Amino acid sequence: MSEGQELAMGQQSDPAIIQQYGLYDDQILQDFINEKGKAMGAISHRPDLEYNFRLLDSPVVNAFAVPGGYIYFTRGIMAHFNNEAEFAGVLGHEIGHITARHSAKQYSNQMIAQVGFMAGVIASEKFRNFANEASQGLGLLFLKFGRDHESQSDELGVEYSTEIGYDSHEMADFFNTLKRLQAKSGQSIPTFLSTHPDPGNRYQRVHHLSDVAQEGLDKAQLKINRNKYLQMIDGLVYGEDPRQGYTENNVFYHPELLFKYPYPQGWQLYNSPAQVQMAPQDGKALMVFTLSQEQTPDAAAQAAVKQHSLSVLESARTTVNGFPAVAMVSDQIPQNQQTGQQDPSKAIRLISYFIQYNNLIYVFHGMSAATDFNSYSNTFKRTMTNFARLTDQSKINVQPTRIKIENVTRSGTLQQALSSLNAAQNDMEELAIINGMMLTDVVESGTMLKTFSKQYNKVAQRTQTTTSSPNNATNSPSSTSGQNQTTTKPSLKDNTTPTNTQQPVKQERKKLGKIKKP
């Protein structure tokens, strides 16, 4: 890949990545990343490259780079750093991937993991084309590097962070935090270690590299800046932000846009700025919930027909909890890659609802293989026809958990210190990890620690959007899957009026999960 192609790839990927995750609104933290990133880029092996740094609104603990000088840090990883030096080490590691052109080499070798749809986890391959189209072609590239590349980037991370004045030993300590997160499991995908595999003995190796890099230097002058960094992340949102949509007892709530709908028990749900995706673990069905930029349900249906090359089997006007809507059943028949002809044996059948609410058009697509559609049709309709206005103030007034920086008032163990700061017992281990300590470690009076603004780990299911399987709930709709039904003709609700959806209308999508209330 030439440098021009590398730059073009970065410029093309950046808007898609921002759309997928959204940017986190913290100018002080963004300015900090920009300042350190520019300083490090200037002393790197590619100082003439224009580097761009983004702070993503994602709880996932990850940092990554794409060709062309684009580097991304999630708020999730920023919450887990405990000083500037840890950040600088990871920053140097990511710049190292770019200066060594690891990303470009991986792309050229086609060693690519597509992460546009649920990190490639919850649905089978046949639905990914539709899912990617539905999110404007978001096929994000997260390149999984080999161990040799990781080792080289560790070396460059030590070199670069040391050259701009930081103690790179802290970088080694942060890898221990990552390993504890991995051992804890349950982390969203992708985590740092899923795309940056541990080359082995990384902790000892980075400490050794740091000793070599610091030979002849006044080590007392190397910066760590723990308190300065902690003060900067005070108030950072931790975990999922319920203001952008959250789940509770198999119901999805959006407190900003004031709607709710149930989703099937046992299905996984993923909320992104572009859309909400729901699927059973076997990947045989998929529901997509998003927004249309059209002005009416009819126009939105017409646009979907054109955008996804749908063959309409049935379409009708209806209402959903008093809201004007269009319901439609259609087929999407893919082409045979070898012959270029449509292949009916691989047809995907969809049921779609286009619902007008608060001057916006909300769109549900439920899809499965045509041969499985009757098994899922009622499940799809239960979700779509229960879309409703959200009026419960207890669901509307939810607030995210935030990082809260507090001073220890009495020397003792970390557990004692956290208890004195009123941390919940269920949060102790998580707080130990994000503070980079063990609960038995001794902390001195006056030490700054990360705590949570409110209890985070509840005994019951946390009220947040998750990519994990939802917990069982007594008031959730049940799924009808796996059992073929005798019905052969798709049908809509009886209180519908036929409508024409054949005229194509151009469609552009707004963001859903993380847009502001209109």
# chains A, B, ... in the order shown; residues from 1 in each chain; ligands from 1
$ residues_around --residues "Thr447 (chain A)" --least-positions-apart "5" --cutoff "10 Å" --atoms "only C-alpha atoms" --output "PDB file with N, CA, C and O atoms, in the first residue's frame"
ATOM      1  N   ASN A 227      -1.609  12.711  39.988  1.00  0.00           N
ATOM      2  CA  ASN A 227      -2.703  13.559  40.474  1.00  0.00           C
ATOM      3  C   ASN A 227      -3.265  14.456  39.375  1.00  0.00           C
ATOM      4  O   ASN A 227      -4.480  14.672  39.293  1.00  0.00           O
ATOM      5  N   GLU A 406     -11.508  11.211  44.837  1.00  0.00           N
ATOM      6  CA  GLU A 406     -11.598  11.607  46.244  1.00  0.00           C
ATOM      7  C   GLU A 406     -10.260  11.355  46.935  1.00  0.00           C
ATOM      8  O   GLU A 406      -9.466  10.509  46.507  1.00  0.00           O
ATOM      9  N   ASN A 407     -10.020  12.065  48.027  1.00  0.00           N
ATOM     10  CA  ASN A 407      -8.783  11.938  48.794  1.00  0.00           C
ATOM     11  C   ASN A 407      -8.976  10.991  49.974  1.00  0.00           C
ATOM     12  O   ASN A 407      -9.984  11.068  50.692  1.00  0.00           O
ATOM     13  N   VAL A 408      -8.016  10.108  50.169  1.00  0.00           N
ATOM     14  CA  VAL A 408      -8.031   9.207  51.325  1.00  0.00           C
ATOM     15  C   VAL A 408      -7.751  10.028  52.588  1.00  0.00           C
ATOM     16  O   VAL A 408      -6.832  10.849  52.614  1.00  0.00           O
ATOM     17  N   THR A 409      -8.556   9.802  53.610  1.00  0.00           N
ATOM     18  CA  THR A 409      -8.412  10.597  54.849  1.00  0.00           C
ATOM     19  C   THR A 409      -7.605   9.885  55.920  1.00  0.00           C
ATOM     20  O   THR A 409      -7.159  10.508  56.889  1.00  0.00           O
ATOM     21  N   ARG A 410      -7.413   8.564  55.754  1.00  0.00           N
ATOM     22  CA  ARG A 410      -6.659   7.808  56.757  1.00  0.00           C
ATOM     23  C   ARG A 410      -5.900   6.695  56.071  1.00  0.00           C
ATOM     24  O   ARG A 410      -6.441   6.000  55.210  1.00  0.00           O
ATOM     25  N   SER A 411      -4.626   6.505  56.443  1.00  0.00           N
ATOM     26  CA  SER A 411      -3.813   5.446  55.845  1.00  0.00           C
ATOM     27  C   SER A 411      -4.382   4.074  56.187  1.00  0.00           C
ATOM     28  O   SER A 411      -4.948   3.863  57.268  1.00  0.00           O
ATOM     29  N   ALA A 417      -9.734   2.104  52.611  1.00  0.00           N
ATOM     30  CA  ALA A 417      -9.873   3.469  52.097  1.00  0.00           C
ATOM     31  C   ALA A 417     -11.161   3.620  51.296  1.00  0.00           C
ATOM     32  O   ALA A 417     -11.894   4.605  51.456  1.00  0.00           O
TER      33      ALA A 417
END
$ select_by_dssp --residues "region 156-374 of chain A" --states "alpha helix (DSSP H)" --output "count of residues only"
61
$ residues_around --residues "Pro324 (chain A)" --least-positions-apart "2" --cutoff "7 Å" --atoms "only C-alpha atoms" --output "ChimeraX atom specification"
/A:318-320,322,355-356
$ closest_residue --among "A:Ser352, A:Gln268, A:Gln221, A:Ser153" --to "Asp167 (chain A)" --atoms "only C-alpha atoms"
A:Gln221
$ residues_around --residues "Val212 (chain A)" --least-positions-apart "2" --cutoff "12 Å" --atoms "only C-alpha atoms" --output "PyMOL selection string"
chain A and resi 155+158-159+162+167-169+205-210+214-217+219
$ write_last_selection --atoms "N, CA and C atoms" --output "compact mmCIF listing (two decimals), in the first residue's frame"
# COMPACT_ATOMS: atom_id res chain seq x y z
N GLU A 155 8.36 -1.47 21.84
CA GLU A 155 9.67 -0.80 21.82
C GLU A 155 9.52 0.67 21.46
N VAL A 158 7.92 2.71 24.27
CA VAL A 158 8.91 3.06 25.29
C VAL A 158 9.79 4.20 24.79
N GLU A 159 10.27 4.09 23.56
CA GLU A 159 11.16 5.11 23.00
C GLU A 159 10.48 6.47 22.92
N THR A 162 9.43 8.01 26.41
CA THR A 162 10.63 8.47 27.12
C THR A 162 11.14 9.77 26.51
N ASP A 167 8.00 8.50 32.23
CA ASP A 167 8.57 7.27 32.75
C ASP A 167 7.82 6.09 32.14
N SER A 168 8.45 5.40 31.20
CA SER A 168 7.77 4.34 30.46
C SER A 168 7.59 3.07 31.29
N HIS A 169 8.17 3.00 32.49
CA HIS A 169 7.87 1.86 33.37
C HIS A 169 6.37 1.79 33.66
N ARG A 205 9.39 -7.41 29.84
CA ARG A 205 10.10 -6.89 28.69
C ARG A 205 10.03 -5.37 28.62
N VAL A 206 8.85 -4.79 28.88
CA VAL A 206 8.72 -3.34 28.83
C VAL A 206 9.52 -2.69 29.96
N HIS A 207 9.55 -3.32 31.13
CA HIS A 207 10.40 -2.78 32.20
C HIS A 207 11.87 -2.81 31.77
N HIS A 208 12.30 -3.89 31.12
CA HIS A 208 13.69 -3.97 30.66
C HIS A 208 13.96 -2.90 29.59
N LEU A 209 13.05 -2.76 28.63
CA LEU A 209 13.22 -1.74 27.60
C LEU A 209 13.29 -0.35 28.22
N SER A 210 12.51 -0.14 29.27
CA SER A 210 12.51 1.16 29.95
C SER A 210 13.84 1.42 30.65
N GLN A 214 16.25 4.58 29.65
CA GLN A 214 16.50 5.61 30.64
C GLN A 214 17.96 5.70 31.08
N GLU A 215 18.83 4.87 30.48
CA GLU A 215 20.25 4.93 30.82
C GLU A 215 20.81 6.31 30.50
N GLY A 216 21.49 6.88 31.46
CA GLY A 216 22.09 8.19 31.25
C GLY A 216 21.15 9.36 31.49
N LEU A 217 19.87 9.08 31.78
CA LEU A 217 18.90 10.14 32.03
C LEU A 217 18.75 10.38 33.53
N LYS A 219 16.45 10.16 36.08
CA LYS A 219 15.14 9.52 36.21
C LYS A 219 14.19 10.34 37.06
$ residues_around --residues "Glu6 (chain A)" --least-positions-apart "2" --cutoff "6 Å" --atoms "only C-alpha atoms" --output "PyMOL selection string"
chain A and resi 3-4+8-9+67-68
$ closest_residue --among "A:Pro15, A:Asp57, A:Asp282, A:Pro255" --to "Trp267 (chain A)" --atoms "only C-alpha atoms"
A:Asp282
$ closest_residue --among "A:His308, A:Lys260, A:Lys450, A:Arg382" --to "Tyr357 (chain A)" --atoms "only C-alpha atoms"
A:Lys260
$ select_by_dssp --residues "region 253-311 of chain A" --states "strand (DSSP E or B)" --output "number ranges by chain"
A: 253-254, 259-262, 267-271, 276-280, 285-292, 311
$ atom_distance --atom1 "CA of Leu439 (chain A)" --atom2 "CA of Asn422 (chain A)"
14.9 Å
